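Visitor: This is the structure, below, for whatever I ask next.
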Amino acid sequence: MTCPLCTSSKTRPLRRYDVAGLIQDWEASFHVDVRGEFGAVLEFELWKCQECCLAYFVPESLAGSPSLYMQLQRFDWYYMPRKGEHKMALKDLRGTGRALEVGSGRGDFVAMARKEAGLEMEGIEVNQSAVSSAQQQGWPVRLADLKDLARQESGKYDALCNFQVLEHVPDPGDFLRACCTLLRSGGKLAFGVPDAESYIRHEWNLLDMPPHHMSRWSGHVLTRIQKFF
């Protein structure tokens, strides 16, 4: 099994999950029907790369659809307007020119960056409902796919950021390469992910596995990631 981040073949399986039980738990916890997200898949596995330490789920086809996120956005806690990493990121990105947030939701960080830091920030999102909400408020957020944008606008941005996005994609290596393609030489890339070694490792958390999360990140991964990018 090849690692989706560093492409190493030094990987091993950690655990197997039953789909039927998860479908029931999603219905009971969120009143969301995720049967369509799993399709014909009856079980899936969590693997770990021994090279970069990323833990990831297979098969990659289980990554959530835009429909799933449209259902989840009805919860007030889902698109949080202010996150702890937002304030930290504004300090790191201050003084940069044109910037892009990938996975901007309803545009809260885009608005914050423009108002509080004077950044020329715009956003892209795959959830049409969230895009419509952002545009109704006047924020420059558009419906776009990161990889398509990278092919069209190489080197366009001075800074790029994403928060609580990378753990959702099935191909984080390709995702980060697309981010780097969009940046000019010397540009800044900032991203925030849940810490898999924090208290969340002790919880049974439906949102920390497919079809919601597709990978688990830790400080060990981040200290190794530079040699692969």
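FYI, nothing fancy with the structure tokens labels: chains A, B, ... in order, residues from 1 per chain, ligands from 1 as they appear.
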Using DSSP on the backbone, list every residue of region 3-206 of chain A that comes out as alpha helix (DSSP H), and give them as a PyMOL selection string.
Guide: chain A and resi 19-30+35-38+66-72+84-93+108-116+128-136+146-152+172-182
Visitor: Set out as JSON lines a contact list for region 74-193 of chain A and region 225-229 of chain A with a cut-off of 9 Å, giving each residue of region 74-193 of chain A that qualifies its closest atom pair and distance in Å to one decimal, counting only C-alpha atoms, ordered by chain and rising residue number.
Guide:
```
{"residue": "A:Gly173", "atom": "CA", "partner": "A:Phe229", "partner_atom": "CA", "distance": 8.8}
{"residue": "A:Leu176", "atom": "CA", "partner": "A:Phe229", "partner_atom": "CA", "distance": 8.1}
{"residue": "A:Arg177", "atom": "CA", "partner": "A:Phe229", "partner_atom": "CA", "distance": 7.6}
{"residue": "A:Cys180", "atom": "CA", "partner": "A:Phe229", "partner_atom": "CA", "distance": 8.6}
```
Visitor: May I have the selected residues written with N, CA and C atoms, as a short mmCIF file (atom, residue, chain, number, x, y, z; two decimals), in the first residue's frame?
Guide:
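Produced file again_38.cif, reproduced below:
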```cif
data_model
loop_
_atom_site.label_atom_id
_atom_site.label_comp_id
_atom_site.auth_asym_id
_atom_site.auth_seq_id
_atom_site.Cartn_x
_atom_site.Cartn_y
_atom_site.Cartn_z
N GLY A 173 -0.71 14.27 -0.61
CA GLY A 173 0.52 14.61 -1.33
C GLY A 173 0.22 15.44 -2.56
N LEU A 176 -0.95 18.98 -1.53
CA LEU A 176 0.12 19.91 -1.16
C LEU A 176 0.95 20.33 -2.37
N ARG A 177 1.14 19.41 -3.32
CA ARG A 177 1.86 19.79 -4.54
C ARG A 177 1.08 20.84 -5.33
N CYS A 180 1.61 24.15 -3.63
CA CYS A 180 2.93 24.71 -3.95
C CYS A 180 2.98 25.26 -5.37
#
```
Visitor: Using only C-alpha atoms, which residue out of A:Val41, A:Ala20, A:Val221, A:Cys161 lies closest to Glu60 (chain A)?
Guide: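 With only C-alpha atoms as the atom set, the closest residue is A:Val41.
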Visitor: Output as a Markdown table one row per residue of region 74-138 of chain A within 10 Å of region 185-197 of chain A: the closest atom pair and its distance in Å to one decimal place, counting only C-alpha atoms, sorted by chain and residue number ascending.
Guide:
```
| residue | atom | partner | partner_atom | distance |
| --- | --- | --- | --- | --- |
| A:Lys83 | CA | A:Gly192 | CA | 10.0 |
| A:Gly84 | CA | A:Gly192 | CA | 9.6 |
| A:Glu85 | CA | A:Gly192 | CA | 6.7 |
| A:His86 | CA | A:Gly192 | CA | 9.0 |
| A:Met88 | CA | A:Ala190 | CA | 9.8 |
| A:Ala89 | CA | A:Ala190 | CA | 6.9 |
| A:Leu90 | CA | A:Ala190 | CA | 9.9 |
| A:Asp92 | CA | A:Ala190 | CA | 8.2 |
| A:Leu93 | CA | A:Lys188 | CA | 7.3 |
| A:Thr96 | CA | A:Lys188 | CA | 8.3 |
| A:Gly97 | CA | A:Gly187 | CA | 9.6 |
| A:Ala99 | CA | A:Lys188 | CA | 9.2 |
| A:Leu100 | CA | A:Leu189 | CA | 9.8 |
| A:Glu101 | CA | A:Ala190 | CA | 9.4 |
| A:Val102 | CA | A:Phe191 | CA | 9.6 |
```
Visitor: Name the residues in contact with Leu222 (chain A) at a cut-off of 10 Å, using only C-alpha atoms, excluding same-chain residues fewer than 3 positions from it; report them as a list in words.
Guide: Cys52, Cys53, Leu54, Trp217, Ser218, Gly219, Ile225 and Gln226 of chain A
